[in-house]
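Peer 1: The structure is given below, and queries will be raised subsequently.
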Amino acid sequence: MITTTATAEVALRAPLGTSLRGLEIAALTEAFPPRPTPTIWSATQSPRDAVLERLQRPPFARDRGRTYTSRMVGVRLILAWLETFPGDTWQQRWEASPAAAAYKGWADSLVAWGRANGRKPGLATLSGGLLVLTCADVIRPGLHWLIKNSSGNLRPEMATSRDPQGFARLEMSVPERELTTKTGSQALKVIAQILAAKGGFVEDITVGDLLQMVQVTSRHASSHVRLAYKWLLDQGQFPAEAPSTLNHIKSRAGQVGPAGLVDRYNLRCKPVRDLIVAYLTERQPALDYNSLKLLSHHLACLFWADIEHHHSSIENLRLPPAVSDAWKARIAVKTVRRRLPDGSFSEDTAPRRSAPSVKMSVRAFYLDVAQWALDEPERWGPWVAPSPVSEADCASKKTEQEQKARADQRTRERLPALPVLVRTAERRLKEAKARLNAVDAVPLGSTVTVLGETFILPRTSNRSDGRPGHVHEPNGNQRNIRSEERIAFIAWATIEILRHTGIRAEELLEIGHHSIISYKLPSTGEIIPLLQIAPSKTDKERLLLINPELADVLSAVITRVRQPDGTVPGIPVYDMHEKIWNDPRPVLYQWTVSGETRAISSNSVRKAINETLAASGLLGKDGKPLHIQPHDFRRMFITDAILNGLPPHIAQIIAGHDSLNTTMGYAAIYPVDAIEAHRSFIARRRKVRPAEEYRAVTPEEWDEFLGHFERRKLALGACGRAYGTDCAHEHACVRCPVLIVGPEEKPRLEVIRDNLSDRIAEAEREGWLGEVEQLSVSRDAADEKIEQIEAQQKRKDSPIFLGIPEIGHLTVSSADISRFSN
C-alpha cells in the first residue's frame, strides 16, 4: 500500500454521486398515483343531527351496552368541539383543528375545551367517539395520524361497519396460516387504515394507496403493508403492469436512463454532460443495464467529474497533455479511508485495480465519437478530439497476471480447508435441528436443555402453528431457534451445491424445481439426472450431471419448500444486475418472511456462509479468520476437477466458460456428436500407432492381470493401487489413501483406533514424543476411514439411494480374451 503524502495528493477525488436508492418507488408512484383525499363527500356534509341519527342505527348501534354509550358521548363532544372551527364540512373543520396535526396528544385541546364548558371527558371516551366518526366516514384522518394513533379496534370496527363483504371476501382468499399470524392481523389493519384515510371499500384500494402507505410507515411496519399488497394483488385487484411485490421498494433503484445515471454526478459543463448522455444512449441497446451503469460511472464520475474538479476551466474533450497525464496518474490510485481504534480516520492510497478498465472506456469513448462523426458530422463532429489514452495505456496484461496470481493463491489457500468447512456445515445443521426439535417437543412456558444449552420458552405465541419463534436463555439473551436452523440449512445446502457443481452465485439462486431434468443415453438407454443451469453471464444454458451427494441436497431443498399439495410456489425474482423483476418461477432458494414468500437474497447466502466459517475456526496464513466468497467454490471446483484428471476442455463446458474454439449450445453439453468425435479421434490415433501395441492378450498375461487383483486383498479391505505398480507407501495400509474399505471392516478399524489411542496414551506417559506423532497420524487416518464408512452407510440408507449394480462371477476363456483384445 502506498502511504506517502505526495502520492495521496494525486489520488482520484471525484465528487461522490447521488444515490439511486428509492427511484423505483418514485417512478411507480408517478405511474400509480394514490387516491386524493377530498374535503367534501356525502357523509362529511351531513348536519349534526343527521350524523347522530345515522350512528344510532345498525351497523353502528349493534348493541346499546356501556361501550356504545361511551362512544356516543365522545361523538357528541367531538362534533360540538369541531363546530367551533371554520369549515363547511366536518372534514374541513377537523383539518382546521389542532388535533389533525397533533399525532400524540391530539385530544389535549379537546379536553381543555370540555373542561372550560363544564365537561370532563376521558381519553377513552374521546378515542371511541373518534373511532365511530372515522368508521362512519364522517372524518378521514391522514395516514400519518392513523399510524401514530393506532387503535386495535379500527380493523374489526371497519370490517363490521364499513365493508363487511369486502373484508370477508379478502379473508376467504387468504390462507389461514397467514391470517392467524401477528403480521396477518397487522396487514388487515393496514387495509383498514387506508379505508379510514381514503374512504371507499376494500375493492377501491389502489396500488398508489399502498405505495403511499409504504412511504409513511417505518421499516418494521413495511412488512405489514407488503403482505396487504400481496393479498390484494393475488385477488386480481391491481392491473397487470403493477409491481409483483413491494419487497425492498424503498431501497430499490430500478432501471435508470442514461440521463439519470449521468446526472447523479452533478457535472457542471452541460455540453459535455449532454454528450455523455447521448453517447450512453447510443451504446444502450448493445449493453446490459449493469454494463451501462458501470460505463456511466467511468465516463461521468471517474473521468469528467474528476477533470472538472481539478481543471474547472476545460469545457471540451481536447485535453492538454499535462491535464491528461495528471488524470492518468490520479486514476492509477485511489484513496482508502480507514477507521482507527481510537475513532479517528486515516487516509491512505492503494493501487486502483480497475484503472485499465476505466482508461479503456475513455479511449473507446473518444474513438467511437470520431467514428460516428464520419456518418453524422453535424452531431458528433464538433466533439472529435485526440484520445488522452493511448493503446499502450490500456495494456492490462500485467494487471491480469496479478489478478490471476491472487486468484490462484486464494484458491490454493482455501481448497485444503474445504473438508473442514463441509463438516462444520453438517454439524451446525444437525445441532440447529436438534435444538428446534427439542423446543417443539415441549409445551409453551417450559424449560428445555439440549446440547448443553438451556432455553426458556415463552408462554404465548403469535405463530399460526402455536410454536415459539424466540426463546430465552437463563442469562436473558433472546435467540430465534427457527432462524438459526434456517440459516444453518441455507449454509449447508449452498456449500454442498456449489462444491459439487461449480456454478455461479447468481445461477445458484435461479435454480428452480424444473431445473432438474433427465437425460437418456442413446447407447444404453440409461436415464441419468441432470441439473439445467439457466443462462446467466454468458447467456448460454448448460446441463450438469447430478451425483448421489448432490441429489441428496436437492431433495432436501425441494422437500423444504414444497407446499402441502406437492408443488413449489412460483415467486417473483429480482435481477440484481438488470434491476428488474422476472416473472414468477418456482425457484428452490425461497423462504417465508413476515407471511410473504420471497426469494433468498445473495446477502443472506453470504451471511450464512460467513457464520459457518466463523464456527469452523479456519484461519488464513495471516492468522486472521479465513474468508470465502461463493465464487471461491467455483474456482475450487474447477481446480479440483482438473487436478483429478478431468480434461480442461470438458471442465470448460461444465463451468460454462466461453472460448474462441468452442461453440456452446443446448445440445453441446452432453452431445452425441462430441462422444462420436472422441471415439473417431481414438480410432485415428490407433491407426498411426505400431500394430504390436494392439496384439492379442496371452492367457499368461491375463492370469497375471487377474492375479494382481487377488493380491490386492488385505485384512482391512482392498488396495486400490493401479495395475502393474508396487506399493508406494511401504505397506502402511491404515494411513494409505488408496485403501478401499467396506462396512464389514468398521469393527476391525475401531479396534485398531482404540489400540492406537492406548499406545498414544502410553507414549505420552513415557515421554516418547516421536512415537506420539507417528501414532497420531495413524489414528487420524483410521478415524477418517471410519467416517467414510459411516457416510457411505448413511447415503445407502437414504430414500433416494440408487444403489450400485453388482457384477456376478465371470468366467473368461481364451477365445473370450482374444475377442476382447480384438
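Letters for chains follow the order of the C-alpha cells (A, B, ...), residue numbers begin at 1 for each chain, and ligand numbers begin at 1 in the order shown.
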Give me the residues within 8 Å of segment 120-124 of chain A as a PyMOL selection string, counting only C-alpha atoms and dropping any in the same chain fewer than 4 places off.

Peer 2: chain A and resi 74+107+111+114-115+128

Peer 1: Tell me, as a tab-separated table (two decimals) with N, CA, C and O atoms, in the first residue's frame, which residues lie within 12 Å of Pro59 of chain A, counting only C-alpha atoms; anything in the same chain fewer than 4 positions away does not count.

Peer 2:
chain	number	residue	atom	x	y	z
A	54	ARG	N	-77.86	8.71	12.17
A	54	ARG	CA	-77.27	7.58	11.44
A	54	ARG	C	-76.49	6.66	12.36
A	54	ARG	O	-76.52	5.43	12.22
A	55	LEU	N	-75.79	7.24	13.33
A	55	LEU	CA	-74.97	6.44	14.23
A	55	LEU	C	-75.81	5.68	15.25
A	55	LEU	O	-75.28	4.81	15.96
A	63	ASP	N	-75.37	-3.04	19.49
A	63	ASP	CA	-75.89	-3.24	20.85
A	63	ASP	C	-75.78	-1.90	21.58
A	63	ASP	O	-75.01	-1.04	21.20
A	64	ARG	N	-76.53	-1.75	22.55
A	64	ARG	CA	-76.55	-0.47	23.28
A	64	ARG	C	-76.00	-0.66	24.69
A	64	ARG	O	-76.60	-0.25	25.67
A	68	TYR	N	-71.02	1.28	23.69
A	68	TYR	CA	-71.72	2.13	22.71
A	68	TYR	C	-72.11	3.46	23.33
A	68	TYR	O	-71.96	4.52	22.71
A	132	VAL	N	-65.72	5.92	15.95
A	132	VAL	CA	-67.04	5.80	15.31
A	132	VAL	C	-67.16	6.78	14.16
A	132	VAL	O	-67.65	6.42	13.06
A	135	CYS	N	-65.05	5.41	11.22
A	135	CYS	CA	-65.67	4.27	10.54
A	135	CYS	C	-66.92	4.70	9.76
A	135	CYS	O	-67.23	4.10	8.72
A	136	ALA	N	-67.63	5.72	10.24
A	136	ALA	CA	-68.81	6.22	9.54
A	136	ALA	C	-68.43	7.14	8.38
A	136	ALA	O	-69.33	7.66	7.70
A	157	GLU	N	-63.87	-2.83	13.71
A	157	GLU	CA	-64.98	-1.90	13.52
A	157	GLU	C	-65.15	-1.53	12.06
A	157	GLU	O	-66.27	-1.42	11.55
A	158	MET	N	-64.04	-1.34	11.35
A	158	MET	CA	-64.12	-1.03	9.92
A	158	MET	C	-64.69	-2.21	9.14
A	158	MET	O	-65.49	-2.03	8.21
A	159	ALA	N	-64.28	-3.42	9.52
A	159	ALA	CA	-64.79	-4.61	8.83
A	159	ALA	C	-66.27	-4.81	9.10
A	159	ALA	O	-66.99	-5.37	8.26
A	160	THR	N	-66.74	-4.36	10.25
A	160	THR	CA	-68.16	-4.56	10.58
A	160	THR	C	-69.05	-3.46	10.02
A	160	THR	O	-70.13	-3.73	9.49
A	161	SER	N	-68.59	-2.22	10.11
A	161	SER	CA	-69.46	-1.10	9.76
A	161	SER	C	-69.24	-0.55	8.37
A	161	SER	O	-70.18	-0.04	7.76
A	162	ARG	N	-68.02	-0.63	7.82
A	162	ARG	CA	-67.74	0.00	6.53
A	162	ARG	C	-67.90	-0.99	5.37
A	162	ARG	O	-68.66	-0.72	4.42
A	163	ASP	N	-67.18	-2.12	5.41
A	163	ASP	CA	-67.18	-3.02	4.26
A	163	ASP	C	-67.08	-4.47	4.73
A	163	ASP	O	-66.05	-5.13	4.55
A	164	PRO	N	-68.15	-5.00	5.32
A	164	PRO	CA	-68.08	-6.40	5.80
A	164	PRO	C	-67.90	-7.39	4.66
A	164	PRO	O	-67.18	-8.37	4.79

Peer 1: Between A:Arg76, A:Arg62, A:Gln532, A:Thr181, which one has atoms that come closest to Gly466 of chain A, using only C-alpha atoms?

Peer 2: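 Of A:Arg76, A:Arg62, A:Gln532, A:Thr181, the one nearest Gly466 of chain A is A:Thr181, counting only C-alpha atoms.
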
Peer 1: What parts of segment 225-312 of chain A does DSSP call alpha helix (DSSP H)? I'd like the answer as a compact mmCIF listing (two decimals) with N, CA, C and O atoms, in the first residue's frame.

Peer 2:
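Saved to selection-v3.txt:
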# COMPACT_ATOMS: atom_id res chain seq x y z
N VAL A 225 -47.48 -3.80 5.24
CA VAL A 225 -48.00 -3.21 4.00
C VAL A 225 -47.72 -4.15 2.83
O VAL A 225 -48.57 -4.32 1.94
N ARG A 226 -46.53 -4.75 2.80
CA ARG A 226 -46.18 -5.67 1.71
C ARG A 226 -47.12 -6.87 1.68
O ARG A 226 -47.53 -7.33 0.61
N LEU A 227 -47.48 -7.38 2.86
CA LEU A 227 -48.38 -8.52 2.90
C LEU A 227 -49.78 -8.12 2.44
O LEU A 227 -50.45 -8.88 1.70
N ALA A 228 -50.24 -6.95 2.85
CA ALA A 228 -51.55 -6.48 2.39
C ALA A 228 -51.56 -6.30 0.87
O ALA A 228 -52.55 -6.65 0.20
N TYR A 229 -50.47 -5.78 0.33
CA TYR A 229 -50.37 -5.63 -1.12
C TYR A 229 -50.43 -6.99 -1.81
O TYR A 229 -51.10 -7.15 -2.84
N LYS A 230 -49.73 -7.97 -1.26
CA LYS A 230 -49.71 -9.31 -1.86
C LYS A 230 -51.11 -9.90 -1.88
O LYS A 230 -51.53 -10.51 -2.88
N TRP A 231 -51.87 -9.72 -0.81
CA TRP A 231 -53.23 -10.25 -0.78
C TRP A 231 -54.10 -9.64 -1.87
O TRP A 231 -54.79 -10.36 -2.59
N LEU A 232 -54.07 -8.33 -1.97
CA LEU A 232 -54.91 -7.67 -2.97
C LEU A 232 -54.44 -7.98 -4.39
O LEU A 232 -55.25 -8.08 -5.30
N LEU A 233 -53.12 -8.12 -4.57
CA LEU A 233 -52.60 -8.48 -5.88
C LEU A 233 -53.05 -9.88 -6.28
O LEU A 233 -53.45 -10.12 -7.42
N ASP A 234 -53.00 -10.81 -5.34
CA ASP A 234 -53.43 -12.18 -5.62
C ASP A 234 -54.91 -12.26 -5.92
O ASP A 234 -55.37 -13.18 -6.62
N PRO A 258 -29.97 6.81 -19.23
CA PRO A 258 -28.63 7.44 -19.28
C PRO A 258 -28.58 8.81 -18.63
O PRO A 258 -27.60 9.15 -17.96
N ALA A 259 -29.62 9.62 -18.82
CA ALA A 259 -29.61 10.96 -18.22
C ALA A 259 -29.57 10.88 -16.69
O ALA A 259 -28.83 11.61 -16.03
N GLY A 260 -30.38 9.98 -16.12
CA GLY A 260 -30.37 9.84 -14.67
C GLY A 260 -29.06 9.29 -14.14
O GLY A 260 -28.60 9.68 -13.07
N LEU A 261 -28.43 8.38 -14.90
CA LEU A 261 -27.15 7.83 -14.47
C LEU A 261 -26.05 8.89 -14.46
O LEU A 261 -25.17 8.88 -13.60
N VAL A 262 -26.10 9.80 -15.42
CA VAL A 262 -25.07 10.84 -15.52
C VAL A 262 -25.34 11.97 -14.53
O VAL A 262 -24.41 12.49 -13.89
N ASP A 263 -26.60 12.34 -14.36
CA ASP A 263 -26.92 13.50 -13.52
C ASP A 263 -26.65 13.27 -12.05
O ASP A 263 -26.61 14.23 -11.27
N LYS A 270 -22.57 21.60 -19.08
CA LYS A 270 -23.76 20.98 -19.67
C LYS A 270 -23.49 20.40 -21.06
O LYS A 270 -24.02 19.33 -21.38
N PRO A 271 -22.72 21.04 -21.93
CA PRO A 271 -22.48 20.42 -23.25
C PRO A 271 -21.81 19.05 -23.14
O PRO A 271 -22.20 18.11 -23.84
N VAL A 272 -20.81 18.92 -22.27
CA VAL A 272 -20.15 17.61 -22.11
C VAL A 272 -21.12 16.63 -21.45
O VAL A 272 -21.15 15.44 -21.81
N ARG A 273 -21.90 17.13 -20.51
CA ARG A 273 -22.91 16.25 -19.88
C ARG A 273 -23.86 15.72 -20.94
O ARG A 273 -24.17 14.51 -20.96
N ASP A 274 -24.35 16.58 -21.83
CA ASP A 274 -25.27 16.14 -22.89
C ASP A 274 -24.58 15.17 -23.84
O ASP A 274 -25.21 14.22 -24.33
N LEU A 275 -23.28 15.38 -24.10
CA LEU A 275 -22.54 14.48 -24.97
C LEU A 275 -22.44 13.08 -24.37
O LEU A 275 -22.66 12.08 -25.06
N ILE A 276 -22.12 13.00 -23.09
CA ILE A 276 -22.01 11.69 -22.43
C ILE A 276 -23.36 10.99 -22.41
O ILE A 276 -23.45 9.77 -22.63
N VAL A 277 -24.43 11.75 -22.17
CA VAL A 277 -25.77 11.16 -22.19
C VAL A 277 -26.09 10.62 -23.57
O VAL A 277 -26.63 9.50 -23.72
N ALA A 278 -25.78 11.40 -24.61
CA ALA A 278 -26.03 10.95 -25.98
C ALA A 278 -25.20 9.71 -26.32
O ALA A 278 -25.69 8.78 -26.99
N TYR A 279 -23.97 9.69 -25.86
CA TYR A 279 -23.10 8.54 -26.13
C TYR A 279 -23.65 7.28 -25.45
O TYR A 279 -23.71 6.21 -26.06
N LEU A 280 -24.07 7.41 -24.19
CA LEU A 280 -24.63 6.26 -23.48
C LEU A 280 -25.93 5.80 -24.12
O LEU A 280 -26.23 4.59 -24.16
N THR A 281 -26.71 6.74 -24.63
CA THR A 281 -27.96 6.38 -25.29
C THR A 281 -27.69 5.56 -26.54
O THR A 281 -28.43 4.61 -26.85
N GLU A 282 -26.63 5.92 -27.28
CA GLU A 282 -26.27 5.15 -28.48
C GLU A 282 -25.77 3.76 -28.12
O GLU A 282 -26.02 2.79 -28.83
N ARG A 283 -25.06 3.66 -27.02
CA ARG A 283 -24.49 2.37 -26.61
C ARG A 283 -25.50 1.48 -25.89
O ARG A 283 -25.30 0.26 -25.76
N TYR A 289 -27.90 -3.64 -18.50
CA TYR A 289 -28.03 -2.46 -17.63
C TYR A 289 -26.82 -2.30 -16.71
O TYR A 289 -26.37 -1.18 -16.48
N ASN A 290 -26.30 -3.38 -16.20
CA ASN A 290 -25.17 -3.30 -15.28
C ASN A 290 -23.95 -2.71 -15.99
O ASN A 290 -23.21 -1.90 -15.42
N SER A 291 -23.73 -3.12 -17.25
CA SER A 291 -22.60 -2.58 -18.01
C SER A 291 -22.82 -1.11 -18.33
O SER A 291 -21.88 -0.31 -18.30
N LEU A 292 -24.07 -0.73 -18.64
CA LEU A 292 -24.37 0.68 -18.91
C LEU A 292 -24.13 1.53 -17.66
O LEU A 292 -23.55 2.63 -17.75
N LYS A 293 -24.52 1.04 -16.52
CA LYS A 293 -24.30 1.78 -15.27
C LYS A 293 -22.81 1.93 -14.98
O LYS A 293 -22.35 2.99 -14.56
N LEU A 294 -22.05 0.86 -15.21
CA LEU A 294 -20.61 0.92 -14.97
C LEU A 294 -19.94 1.89 -15.94
O LEU A 294 -19.05 2.66 -15.56
N LEU A 295 -20.37 1.89 -17.20
CA LEU A 295 -19.80 2.81 -18.19
C LEU A 295 -20.09 4.26 -17.82
O LEU A 295 -19.23 5.14 -17.97
N SER A 296 -21.30 4.52 -17.34
CA SER A 296 -21.63 5.89 -16.92
C SER A 296 -20.76 6.32 -15.74
O SER A 296 -20.36 7.48 -15.65
N ASP A 306 -13.85 14.21 -12.43
CA ASP A 306 -12.51 14.46 -11.89
C ASP A 306 -11.80 15.56 -12.67
O ASP A 306 -11.10 16.39 -12.08
N ILE A 307 -11.98 15.61 -13.99
CA ILE A 307 -11.39 16.70 -14.79
C ILE A 307 -11.95 18.04 -14.34
O ILE A 307 -11.20 19.01 -14.15
N GLU A 308 -13.27 18.11 -14.14
CA GLU A 308 -13.87 19.36 -13.69
C GLU A 308 -13.39 19.75 -12.29
O GLU A 308 -13.23 20.93 -11.99
N HIS A 309 -13.17 18.75 -11.46
CA HIS A 309 -12.76 19.03 -10.09
C HIS A 309 -11.37 19.65 -10.03
O HIS A 309 -11.11 20.54 -9.21
N HIS A 310 -10.48 19.21 -10.92
CA HIS A 310 -9.09 19.69 -10.89
C HIS A 310 -8.80 20.75 -11.95
O HIS A 310 -7.84 21.51 -11.80

Peer 1: I need the residues in segment 163-372 of chain A that are strand (DSSP E) according to DSSP; give them as a ChimeraX atom specification.

Peer 2: /A:333-339,345-351

Peer 1: Output the selection as an mmCIF file, in the first residue's frame - all heavy atoms for each residue.

Peer 2:
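Output file part_32.cif is given in full below:
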data_model
loop_
_atom_site.group_PDB
_atom_site.id
_atom_site.type_symbol
_atom_site.label_atom_id
_atom_site.label_comp_id
_atom_site.auth_asym_id
_atom_site.auth_seq_id
_atom_site.Cartn_x
_atom_site.Cartn_y
_atom_site.Cartn_z
ATOM 1 N N VAL A 333 -4.469 5.326 -8.758
ATOM 2 C CA VAL A 333 -4.564 5.028 -7.332
ATOM 3 C C VAL A 333 -5.899 5.536 -6.809
ATOM 4 O O VAL A 333 -6.584 6.327 -7.461
ATOM 5 C CB VAL A 333 -3.404 5.676 -6.539
ATOM 6 C CG1 VAL A 333 -2.080 5.042 -6.886
ATOM 7 C CG2 VAL A 333 -3.364 7.180 -6.800
ATOM 8 N N LYS A 334 -6.258 5.057 -5.650
ATOM 9 C CA LYS A 334 -7.494 5.503 -5.005
ATOM 10 C C LYS A 334 -7.230 5.769 -3.529
ATOM 11 O O LYS A 334 -6.308 5.206 -2.939
ATOM 12 C CB LYS A 334 -8.590 4.447 -5.163
ATOM 13 C CG LYS A 334 -8.265 3.124 -4.496
ATOM 14 C CD LYS A 334 -9.395 2.121 -4.682
ATOM 15 C CE LYS A 334 -9.057 0.780 -4.017
ATOM 16 N NZ LYS A 334 -10.144 -0.204 -4.191
ATOM 17 N N THR A 335 -8.042 6.619 -2.961
ATOM 18 C CA THR A 335 -7.918 6.955 -1.545
ATOM 19 C C THR A 335 -8.743 5.984 -0.715
ATOM 20 O O THR A 335 -9.921 5.764 -0.993
ATOM 21 C CB THR A 335 -8.381 8.391 -1.293
ATOM 22 O OG1 THR A 335 -7.587 9.291 -2.083
ATOM 23 C CG2 THR A 335 -8.241 8.749 0.177
ATOM 24 N N VAL A 336 -8.119 5.405 0.275
ATOM 25 C CA VAL A 336 -8.776 4.457 1.168
ATOM 26 C C VAL A 336 -8.855 5.090 2.550
ATOM 27 O O VAL A 336 -7.834 5.436 3.141
ATOM 28 C CB VAL A 336 -8.013 3.122 1.224
ATOM 29 C CG1 VAL A 336 -8.725 2.151 2.160
ATOM 30 C CG2 VAL A 336 -7.882 2.528 -0.170
ATOM 31 N N ARG A 337 -10.055 5.239 3.058
ATOM 32 C CA ARG A 337 -10.279 5.857 4.373
ATOM 33 C C ARG A 337 -10.584 4.761 5.382
ATOM 34 O O ARG A 337 -11.512 3.966 5.187
ATOM 35 C CB ARG A 337 -11.446 6.852 4.299
ATOM 36 C CG ARG A 337 -11.503 7.831 5.465
ATOM 37 C CD ARG A 337 -12.419 8.987 5.096
ATOM 38 N NE ARG A 337 -12.436 10.009 6.113
ATOM 39 C CZ ARG A 337 -13.443 10.225 6.945
ATOM 40 N NH1 ARG A 337 -14.516 9.457 6.866
ATOM 41 N NH2 ARG A 337 -13.392 11.192 7.839
ATOM 42 N N ARG A 338 -9.813 4.684 6.445
ATOM 43 C CA ARG A 338 -9.957 3.626 7.436
ATOM 44 C C ARG A 338 -10.194 4.233 8.821
ATOM 45 O O ARG A 338 -9.616 5.261 9.162
ATOM 46 C CB ARG A 338 -8.716 2.733 7.480
ATOM 47 C CG ARG A 338 -8.353 2.118 6.137
ATOM 48 C CD ARG A 338 -7.134 1.222 6.263
ATOM 49 N NE ARG A 338 -6.680 0.746 4.978
ATOM 50 C CZ ARG A 338 -7.188 -0.304 4.334
ATOM 51 N NH1 ARG A 338 -8.175 -0.975 4.901
ATOM 52 N NH2 ARG A 338 -6.725 -0.675 3.164
ATOM 53 N N ARG A 339 -11.032 3.568 9.590
ATOM 54 C CA ARG A 339 -11.288 3.989 10.969
ATOM 55 C C ARG A 339 -10.249 3.349 11.881
ATOM 56 O O ARG A 339 -10.045 2.134 11.859
ATOM 57 C CB ARG A 339 -12.686 3.582 11.409
ATOM 58 C CG ARG A 339 -13.021 4.003 12.847
ATOM 59 C CD ARG A 339 -14.356 3.444 13.273
ATOM 60 N NE ARG A 339 -15.436 4.076 12.555
ATOM 61 C CZ ARG A 339 -16.051 5.191 12.942
ATOM 62 N NH1 ARG A 339 -15.653 5.818 14.052
ATOM 63 N NH2 ARG A 339 -17.042 5.696 12.236
ATOM 64 N N PHE A 345 -9.809 8.759 11.794
ATOM 65 C CA PHE A 345 -9.702 8.166 10.463
ATOM 66 C C PHE A 345 -8.327 8.464 9.881
ATOM 67 O O PHE A 345 -7.732 9.516 10.153
ATOM 68 C CB PHE A 345 -10.793 8.718 9.531
ATOM 69 C CG PHE A 345 -12.177 8.253 9.876
ATOM 70 C CD1 PHE A 345 -12.970 8.980 10.759
ATOM 71 C CD2 PHE A 345 -12.692 7.093 9.323
ATOM 72 C CE1 PHE A 345 -14.248 8.561 11.077
ATOM 73 C CE2 PHE A 345 -13.974 6.662 9.634
ATOM 74 C CZ PHE A 345 -14.752 7.402 10.508
ATOM 75 N N SER A 346 -7.855 7.537 9.083
ATOM 76 C CA SER A 346 -6.608 7.747 8.338
ATOM 77 C C SER A 346 -6.891 7.532 6.864
ATOM 78 O O SER A 346 -7.736 6.702 6.496
ATOM 79 C CB SER A 346 -5.523 6.770 8.813
ATOM 80 O OG SER A 346 -5.877 5.446 8.469
ATOM 81 N N GLU A 347 -6.205 8.301 6.036
ATOM 82 C CA GLU A 347 -6.364 8.189 4.594
ATOM 83 C C GLU A 347 -5.066 7.704 3.976
ATOM 84 O O GLU A 347 -4.021 8.342 4.132
ATOM 85 C CB GLU A 347 -6.783 9.535 3.988
ATOM 86 C CG GLU A 347 -8.216 9.933 4.297
ATOM 87 C CD GLU A 347 -8.673 11.126 3.485
ATOM 88 O OE1 GLU A 347 -7.812 11.715 2.789
ATOM 89 O OE2 GLU A 347 -9.857 11.480 3.538
ATOM 90 N N ASP A 348 -5.150 6.579 3.291
ATOM 91 C CA ASP A 348 -4.020 6.027 2.564
ATOM 92 C C ASP A 348 -4.419 5.877 1.105
ATOM 93 O O ASP A 348 -5.584 6.048 0.746
ATOM 94 C CB ASP A 348 -3.602 4.667 3.145
ATOM 95 C CG ASP A 348 -3.157 4.778 4.596
ATOM 96 O OD1 ASP A 348 -2.652 5.853 4.958
ATOM 97 O OD2 ASP A 348 -3.359 3.811 5.344
ATOM 98 N N THR A 349 -3.466 5.594 0.291
ATOM 99 C CA THR A 349 -3.740 5.358 -1.120
ATOM 100 C C THR A 349 -3.297 3.957 -1.488
ATOM 101 O O THR A 349 -2.311 3.443 -0.962
ATOM 102 C CB THR A 349 -3.016 6.373 -2.017
ATOM 103 O OG1 THR A 349 -1.623 6.326 -1.737
ATOM 104 C CG2 THR A 349 -3.553 7.779 -1.777
ATOM 105 N N ALA A 350 -4.056 3.350 -2.372
ATOM 106 C CA ALA A 350 -3.770 1.994 -2.831
ATOM 107 C C ALA A 350 -3.957 1.959 -4.341
ATOM 108 O O ALA A 350 -4.684 2.779 -4.910
ATOM 109 C CB ALA A 350 -4.697 0.996 -2.148
ATOM 110 N N PRO A 351 -3.318 1.043 -5.036
ATOM 111 C CA PRO A 351 -3.493 0.950 -6.491
ATOM 112 C C PRO A 351 -4.951 0.649 -6.849
ATOM 113 O O PRO A 351 -5.621 -0.128 -6.167
ATOM 114 C CB PRO A 351 -2.566 -0.215 -6.877
ATOM 115 C CG PRO A 351 -1.590 -0.326 -5.764
ATOM 116 C CD PRO A 351 -2.305 0.099 -4.526
#

Peer 1: Contacts of Ala101 of chain A at 9 Å or less, counting only C-alpha atoms, minus same-chain residues fewer than 5 places along, as a PDB file with N, CA, C and O atoms, in the first residue's frame?

Peer 2:
ATOM      1  N   GLU A  95     -59.605  19.384   9.851  1.00  0.00           N
ATOM      2  CA  GLU A  95     -58.290  19.833   9.393  1.00  0.00           C
ATOM      3  C   GLU A  95     -57.935  21.201   9.955  1.00  0.00           C
ATOM      4  O   GLU A  95     -56.749  21.532  10.104  1.00  0.00           O
ATOM      5  N   TRP A 106     -53.407  14.320  20.671  1.00  0.00           N
ATOM      6  CA  TRP A 106     -54.378  15.007  19.808  1.00  0.00           C
ATOM      7  C   TRP A 106     -55.596  15.518  20.583  1.00  0.00           C
ATOM      8  O   TRP A 106     -56.237  16.490  20.178  1.00  0.00           O
ATOM      9  N   TRP A 145     -51.423  10.338  10.833  1.00  0.00           N
ATOM     10  CA  TRP A 145     -52.176  10.420  12.085  1.00  0.00           C
ATOM     11  C   TRP A 145     -52.647   9.041  12.516  1.00  0.00           C
ATOM     12  O   TRP A 145     -52.542   8.664  13.685  1.00  0.00           O
TER      13      TRP A 145
END

Peer 1: Do a neighbour search on Gly184 of chain A at 9 Å with only C-alpha atoms, toss out local chain neighbours closer than 5 positions, and write the hits as number ranges by chain.

Peer 2: A: 177-179, 189, 224, 227-228, 594-595

Peer 1: Restricting the calculation to only C-alpha atoms: of A:Leu188, A:Ile628, A:Ala168, A:Ala364, which residue gets closest to Asn153 of chain A?

Peer 2: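 Under the stated criterion, the closest residue is A:Leu188.
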
Peer 1: Which residues come within 12 Å of segment 102-104 of chain A, counting only C-alpha atoms, excluding same-chain residues fewer than 6 positions away, as a PyMOL selection string?

Peer 2: chain A and resi 94-96+110+141-150

Peer 1: Work out how far atom CA of Lys430 of chain A is from atom CA of Asp797 of chain A, in Å to one decimal.

Peer 2: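 Distance reported for this atom pair: 17.5 Å.
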